[in-house]
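S.K.: Below you will find the structure I want to go over with you.
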Amino acid sequence: MAFKDDPAESGTGTDAGRGLGRGIFDCDGAHQSPRKNDYERVFQSGMVVLDTNVLLNLYRSNARTRQDTLAVLTKLRDRLWVPHQVLAEFWRNREQKSVRHHHSTKAKETSAALERVRRSASDAVDRWVKDVRLKHDEGVTQRINESLSALTETVEELQGIIDGQAERDALEGTAETHSDPVLMELEPLLSGRIGEPLPTDEYDKAVQTAQKRADEEIPPGYEDFKTKPAERAAGDYLLWLQLLQEAQRRTCDVLLVTGDVKKDWWQQRDGDIPARPRAELVVELREQAGVRLYMLTPAELLTWAEQLLEGLHVDKDSVDDLEQLRGADRDDDEAEEGWSQQSLNAFIEQLVVRYPAHAKVIVAAAANGGFVDRDTVYALAGYSPDRQLKGFTRPVSTVARELEDLGVLSGEEPFLLHTIYGSVTEPSWATGFRIPDETIPLLRESFEGGQLWPAFSKGGAEPAEEDKAPERDES
């Protein structure tokens with residue numbers, strides 16, 4: 001590997017300039033800011049470990065950024081190493097819409113946001129016209145209509161520009177692995193550079209250890225235990241454990257490249273002091289493998305590689321592109337599967353306009369701890385007693401599909417309204433409906449105290465577990 005010419009720099013090792021006994025940096029909380037020759041050394045003789053988001057960002061990036069990233073990784077090929085945990089997460093997340101169809105998904109989200117703005121503006125003007133009792137043939141009304149038409153044309157023009165750019169940036173051939181351009185680049189690049197999986201007994205023990213460390217907020221990964229099941233939340237620690245084991249085997253310094261910017265990996269930026277690895281991680285690697293830990297984001301990797309590696313030019317726009325992608329979690333499936341405040345509000349907004357009874361039922365369920373009984377549904381919807389509830393959740397499915405097509409939903413969110421059926425002796429009788437637990441605090445935050453929120457809880461208690469029949473597909 002060739003390096004660009006660099007004037008000699010003063011020694012930066014832990015023993016540089018020291019006499020006997022302890023020095024100013026001989027403390028677990030001490031930190032030595034990396035210098036240029038530190039990165040040069042690790043590029044030449046260290047281990048460059050790639051996190052999952054480095055690989056997944058190759059799908060999210062545009063062609064220029066993808067080309068620059070692959071050029072850097074190719075230059076560092078002999079130093080690359082990928083923990084088996086990263087490989088498992090890569091394959092688990094690769095087909096998420098936020099990854100393989102990143103550009104079309106973002107285009108749909110933006111187009112949907114523009115349409116909401118246009119519709120909101122039009123509704124606001126319509127209300128004003130009615131409030132001030134303007135006549136349809138007045139001159140101001142005509143000018144308003146002309147302006148609203150111009151707004152519609154502008155929104156449609158913007159949507160066309162965005163959709164066109166998404167088409168240009170989209171990757172072709174990713175549906176089949178043999179034609180996926182990212183896999184075609186990664187296969188030879190990472191051949192022989194993937195770590196072995198943990199044996200089953202070691203894996204189970206590692207998940208337990210991750211839980212214990214999380215309870216004591218020992219990095220990395222304790223943040224994930226606040227929102228994810230144990231085995232999924234343990235992913236960061238499993239990566240770290242495999243990194244420790246490989247560093248012990250190689251006894252060389254480690255550069256971890258990750259877009260995960262959570263505080264259980266990084267000591268966060270403070271004013272003009274740049275972010276750096278958590279001191280606990282630096283100490284643990286030093287104690288177990290006797291080597292130093294460095295960490296860079298993907299954007300920072302490109303910046304340093306452009307400075308240090310001979311024959312390499314990185315476009316500044318590629319660095320900016322990766323900065324925009326920074327912070328994408330390694331567990332993209334977890335991020336995609338959950339409802340967000342924004343997506344849930346957009347969903348309820350559509351129900352209020354088109355299926356108001358269903359919006360009332362969902363919000364009433366949130367007010368009652370997640371469940372609403374049959375009688376409450378009839379009362380909220382104004383149904384006659386002889387009406388059946390068969391197919392009641394179909395409008396929810398319809399709105400979900402439409403918002404998914406617009407990019408407002410990822411398609412991975414849990415279904416919002418599940419039917420709870422009666423006892424096993426009368427399995428076709430719907431006793432009520434339940435919403436996902438994760439949506440309850442989101443709905444409370446948005447609607448508690450508002451017009452949709454019931455004045456008092458009247459949803460009844462959910463049937464005992466032994467009285468429930470299995471849930472069915474309501475769509």
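Just so we're on the same page: first chain in the structure tokens is A, next is B, and so on; residues restart at 1 for each chain, and ligands are numbered from 1 in the order they show up.
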Name all residues at most 12 Å from Pro454 (chain A) (count only C-alpha atoms; drop same-chain ones fewer than 2 positions away) and give them as a list in words.

M.R.: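 Skipping anything fewer than 2 positions along the chain leaves Ala359, Lys360, Val361, Ile362, Val363, Ala364, Ala365, Ala366, Ala367, Asn368, Val372, Thr376, Ala379, Leu380, Arg444, Phe447, Glu448, Gly449, Gly450, Gln451, Leu452, Phe456, Ser457, Lys458 and Gly459 of chain A.
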
S.K.: Compile the contact shell of His31 (chain A) as a count of residues only: residues with an atom at most 12 Å away, counting only C-alpha atoms, same-chain residues fewer than 4 positions apart removed.

M.R.: 20

S.K.: Could you give me, as JSON lines, a per-residue list for region 55-147 of chain A showing, wherever an atom lies at most 7 Å from an atom of region 303-320 of chain A, the closest pair of atoms and their distance in Å to one decimal, using only C-alpha atoms and sorting by chain then residue number from low to high?

M.R.:
```
{"residue": "A:Arg64", "atom": "CA", "partner": "A:Ser318", "partner_atom": "CA", "distance": 6.6}
{"residue": "A:Thr65", "atom": "CA", "partner": "A:Ser318", "partner_atom": "CA", "distance": 4.4}
{"residue": "A:Asp68", "atom": "CA", "partner": "A:Val314", "partner_atom": "CA", "distance": 5.8}
{"residue": "A:Val72", "atom": "CA", "partner": "A:Ala305", "partner_atom": "CA", "distance": 6.6}
```

S.K.: Keeping only C-alpha atoms, take the residues you just selected and write them out as an mmCIF file, in the first residue's frame.

M.R.:
```cif
data_model
loop_
_atom_site.group_PDB
_atom_site.id
_atom_site.type_symbol
_atom_site.label_atom_id
_atom_site.label_comp_id
_atom_site.auth_asym_id
_atom_site.auth_seq_id
_atom_site.Cartn_x
_atom_site.Cartn_y
_atom_site.Cartn_z
ATOM 1 C CA ARG A 64 -20.284 9.122 -6.902
ATOM 2 C CA THR A 65 -20.197 8.416 -3.160
ATOM 3 C CA ASP A 68 -15.356 6.838 -3.762
ATOM 4 C CA VAL A 72 -11.011 3.708 -0.366
#
```

S.K.: Write out as a ChimeraX atom specification the set of residues from region 218-425 of chain A that DSSP, computed on the backbone, places in strand (DSSP E or B).

M.R.: /A:254-257,266-267,270,273,276-277,293-296,309,371-373,418-421

S.K.: Could you dump the residues just selected with C-alpha atoms as a CSV table (one decimal), in the first residue's frame?

M.R.:
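Done, and the output landed in selection.csv:
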```csv
chain,number,residue,atom,x,y,z
A,254,VAL,CA,-7.7,-1.2,15.5
A,255,LEU,CA,-9.6,1.4,13.5
A,256,LEU,CA,-13.4,0.9,13.8
A,257,VAL,CA,-15.3,2.6,11.1
A,266,TRP,CA,-18.6,7.8,21.5
A,267,GLN,CA,-17.6,10.5,23.9
A,270,ASP,CA,-18.0,19.1,23.2
A,273,ILE,CA,-13.3,19.0,21.0
A,276,ARG,CA,-13.8,10.2,20.3
A,277,PRO,CA,-14.2,6.6,21.4
A,293,LEU,CA,-8.4,1.8,19.5
A,294,TYR,CA,-9.3,4.5,16.9
A,295,MET,CA,-12.7,5.3,15.6
A,296,LEU,CA,-13.9,7.1,12.5
A,309,LEU,CA,-3.3,7.1,0.5
A,371,PHE,CA,-57.7,-2.3,24.1
A,372,VAL,CA,-61.2,-1.2,23.2
A,373,ASP,CA,-64.3,-3.5,23.6
A,418,HIS,CA,-55.9,-6.3,15.7
A,419,THR,CA,-59.1,-8.0,16.3
A,420,ILE,CA,-59.5,-9.9,19.5
A,421,TYR,CA,-62.0,-12.8,19.0
```

S.K.: Just checking: using only C-alpha atoms, which residue out of A:Leu302, A:Ile435, A:Leu389, A:Leu238 ends up closest to Leu73 (chain A)?

M.R.: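 Smallest distance to Leu73 (chain A) is found for A:Leu302.
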
S.K.: With only C-alpha atoms as the basis for distance, which of A:Ala289, A:Leu409, A:Val352, A:Leu148 is at the shortest distance from Asp123 (chain A)?

M.R.: A:Leu148

S.K.: Mind checking which residues fall within 8 Å of Val291 (chain A), counting only C-alpha atoms, ignoring those fewer than 3 positions away in the same chain, and posting them as a list in words?

M.R.: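 Listing them by chain and then by number gives Ala247, Thr251, Cys252, Asp253, Val254, Leu285 and Arg286 of chain A.
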
S.K.: Can those selected residues be exported to a file as a PDB file, in the first residue's frame so that it contains N, CA and C atoms?

M.R.:
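Written file, selection-v1.pdb:
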```
ATOM      1  N   ALA A 247      -8.511  -8.818  17.677  1.00  0.00           N
ATOM      2  CA  ALA A 247      -7.385  -7.958  18.034  1.00  0.00           C
ATOM      3  C   ALA A 247      -6.379  -8.706  18.904  1.00  0.00           C
ATOM      4  N   THR A 251      -2.809  -8.818  17.524  1.00  0.00           N
ATOM      5  CA  THR A 251      -1.991  -7.871  18.303  1.00  0.00           C
ATOM      6  C   THR A 251      -1.573  -6.657  17.463  1.00  0.00           C
ATOM      7  N   CYS A 252      -2.564  -6.004  16.852  1.00  0.00           N
ATOM      8  CA  CYS A 252      -2.297  -4.770  16.096  1.00  0.00           C
ATOM      9  C   CYS A 252      -3.370  -3.750  16.449  1.00  0.00           C
ATOM     10  N   ASP A 253      -3.067  -2.469  16.250  1.00  0.00           N
ATOM     11  CA  ASP A 253      -4.031  -1.417  16.535  1.00  0.00           C
ATOM     12  C   ASP A 253      -5.284  -1.577  15.676  1.00  0.00           C
ATOM     13  N   VAL A 254      -6.403  -1.043  16.193  1.00  0.00           N
ATOM     14  CA  VAL A 254      -7.702  -1.240  15.549  1.00  0.00           C
ATOM     15  C   VAL A 254      -8.314   0.108  15.199  1.00  0.00           C
ATOM     16  N   LEU A 285      -9.895  -2.584  25.273  1.00  0.00           N
ATOM     17  CA  LEU A 285      -9.091  -3.118  24.177  1.00  0.00           C
ATOM     18  C   LEU A 285      -7.614  -3.153  24.565  1.00  0.00           C
ATOM     19  N   ARG A 286      -7.142  -2.115  25.231  1.00  0.00           N
ATOM     20  CA  ARG A 286      -5.749  -2.084  25.654  1.00  0.00           C
ATOM     21  C   ARG A 286      -5.448  -3.200  26.658  1.00  0.00           C
TER      22      ARG A 286
END
```

S.K.: Just the number, please: distance in Å from CA of Ala230 (chain A) to CA of Thr52 (chain A), one decimal.

M.R.: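 Interatomic distance here is 19.0 Å.
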
S.K.: Need the shell around Ile348 (chain A): protein/DNA/RNA residues with any atom at most 12 Å away, counting only C-alpha atoms. Skip same-chain ones fewer than 4 positions apart. Format as a count of residues only?

M.R.: 29

S.K.: Could you pull out all residues of region 101-268 of chain A with a DSSP call of helix (DSSP H, G or I) and give them as a ChimeraX atom specification?

M.R.: /A:102-131,139-169,181-190,200-215,224-226,230-233,235-250

S.K.: Fewer than 2 positions away in the same chain doesn't count, so skip those; otherwise give me all residues within 8 Å of region 86-90 of chain A, counting only C-alpha atoms, as an MDAnalysis selection string.

M.R.: chainID A and resid 50:52 55:56 82:84 92:94 194 239 330:331

S.K.: Excluding Met184 (chain A) and its own-chain neighbours fewer than 5 positions away, which residues fall within 12 Å of it when counting only C-alpha atoms? Please give them as a VMD selection string.

M.R.: chain A and resid 58 70 173 to 174 176 to 179 189 to 191

S.K.: If you keep all heavy atoms, can you produce a file of those selected residues as a short mmCIF file (atom, residue, chain, number, x, y, z; two decimals), in the first residue's frame?

M.R.:
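What ended up in again.cif:
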```
data_model
loop_
_atom_site.label_atom_id
_atom_site.label_comp_id
_atom_site.auth_asym_id
_atom_site.auth_seq_id
_atom_site.Cartn_x
_atom_site.Cartn_y
_atom_site.Cartn_z
N LEU A 58 -23.61 1.73 1.04
CA LEU A 58 -23.30 1.60 -0.38
C LEU A 58 -24.59 1.56 -1.20
O LEU A 58 -24.61 1.96 -2.37
CB LEU A 58 -22.47 0.34 -0.63
CG LEU A 58 -21.07 0.35 -0.04
CD1 LEU A 58 -20.42 -1.03 -0.15
CD2 LEU A 58 -20.19 1.40 -0.72
N LEU A 70 -15.89 2.70 -2.29
CA LEU A 70 -15.30 1.44 -2.73
C LEU A 70 -13.82 1.62 -3.10
O LEU A 70 -13.01 0.71 -2.87
CB LEU A 70 -16.09 0.88 -3.92
CG LEU A 70 -17.47 0.31 -3.57
CD1 LEU A 70 -18.28 0.05 -4.83
CD2 LEU A 70 -17.33 -0.98 -2.75
N GLY A 173 -30.72 -3.83 -10.53
CA GLY A 173 -30.26 -5.21 -10.41
C GLY A 173 -30.13 -5.75 -9.00
O GLY A 173 -29.61 -6.85 -8.81
N THR A 174 -30.60 -5.01 -8.00
CA THR A 174 -30.42 -5.47 -6.62
C THR A 174 -31.40 -6.56 -6.21
O THR A 174 -31.24 -7.17 -5.15
CB THR A 174 -30.54 -4.30 -5.64
OG1 THR A 174 -31.84 -3.72 -5.76
CG2 THR A 174 -29.49 -3.24 -5.93
N GLU A 176 -31.80 -9.45 -7.52
CA GLU A 176 -31.12 -10.75 -7.60
C GLU A 176 -29.68 -10.58 -7.12
O GLU A 176 -28.99 -9.63 -7.51
CB GLU A 176 -31.11 -11.26 -9.05
CG GLU A 176 -32.50 -11.41 -9.67
CD GLU A 176 -33.25 -12.61 -9.11
OE1 GLU A 176 -32.60 -13.45 -8.45
OE2 GLU A 176 -34.47 -12.70 -9.33
N THR A 177 -29.24 -11.50 -6.29
CA THR A 177 -27.89 -11.35 -5.73
C THR A 177 -26.81 -11.43 -6.80
O THR A 177 -25.77 -10.78 -6.69
CB THR A 177 -27.63 -12.43 -4.67
OG1 THR A 177 -27.80 -13.74 -5.25
CG2 THR A 177 -28.59 -12.27 -3.50
N HIS A 178 -27.05 -12.21 -7.87
CA HIS A 178 -26.00 -12.35 -8.89
C HIS A 178 -25.87 -11.10 -9.78
O HIS A 178 -24.89 -10.96 -10.51
CB HIS A 178 -26.27 -13.58 -9.78
CG HIS A 178 -27.56 -13.52 -10.54
ND1 HIS A 178 -28.70 -14.14 -10.08
CD2 HIS A 178 -27.90 -12.91 -11.69
CE1 HIS A 178 -29.68 -13.92 -10.94
NE2 HIS A 178 -29.22 -13.18 -11.92
N SER A 179 -26.88 -10.19 -9.69
CA SER A 179 -26.79 -8.96 -10.48
C SER A 179 -26.69 -7.71 -9.60
O SER A 179 -26.66 -6.60 -10.13
CB SER A 179 -28.01 -8.83 -11.41
OG SER A 179 -29.22 -8.82 -10.66
N LEU A 189 -13.85 -8.14 -2.52
CA LEU A 189 -13.19 -7.24 -1.59
C LEU A 189 -13.07 -7.85 -0.20
O LEU A 189 -12.04 -7.71 0.48
CB LEU A 189 -13.96 -5.92 -1.52
CG LEU A 189 -13.37 -4.81 -0.66
CD1 LEU A 189 -12.04 -4.34 -1.24
CD2 LEU A 189 -14.35 -3.64 -0.58
N LEU A 190 -14.12 -8.55 0.24
CA LEU A 190 -14.15 -9.08 1.60
C LEU A 190 -13.90 -10.58 1.69
O LEU A 190 -13.99 -11.16 2.76
CB LEU A 190 -15.52 -8.76 2.24
CG LEU A 190 -15.88 -7.27 2.35
CD1 LEU A 190 -17.24 -7.10 3.00
CD2 LEU A 190 -14.81 -6.51 3.11
N SER A 191 -13.56 -11.18 0.57
CA SER A 191 -13.28 -12.61 0.59
C SER A 191 -12.12 -12.93 1.53
O SER A 191 -11.04 -12.35 1.43
CB SER A 191 -12.93 -13.10 -0.83
OG SER A 191 -12.63 -14.48 -0.82
#
```

S.K.: List the neighbours of Pro220 (chain A) out to 9 Å using only C-alpha atoms; skip same-chain residues closer than 3 positions along the sequence, and give me the result as a compact mmCIF listing (two decimals) with C-alpha atoms, in the first residue's frame.

M.R.:
```
# COMPACT_ATOMS: atom_id res chain seq x y z
CA ALA A 210 -24.43 -7.94 27.16
CA ARG A 213 -23.19 -4.80 31.00
CA ALA A 214 -26.25 -2.85 29.86
CA GLU A 217 -24.30 1.06 31.40
CA GLU A 223 -28.68 2.19 24.75
CA ASP A 236 -23.27 -4.00 19.50
CA TYR A 237 -21.63 -6.04 22.24
CA TRP A 240 -17.27 -5.64 20.11
CA LYS A 263 -23.29 7.79 23.24
CA ASP A 264 -22.55 4.17 24.14
CA TRP A 265 -19.84 4.19 21.45
CA TRP A 266 -18.61 7.78 21.46
CA ARG A 278 -15.58 6.01 24.92
CA GLU A 280 -14.07 2.37 28.63
CA LEU A 281 -13.67 0.89 25.15
```

S.K.: Do you have the CA of Gly290 (chain A)-CA of Pro219 (chain A) distance handy?

M.R.: 18.7 Å

S.K.: Nearest residue to Ala112 (chain A) out of A:Thr152, A:Ser340, A:Gln159, A:Gln142, using only C-alpha atoms?

M.R.: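 Smallest distance to Ala112 (chain A) is found for A:Gln159.
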
S.K.: Just give me the gap between CA of Thr431 (chain A) and CA of Arg374 (chain A) in Å, one decimal is fine.

M.R.: 5.2 Å
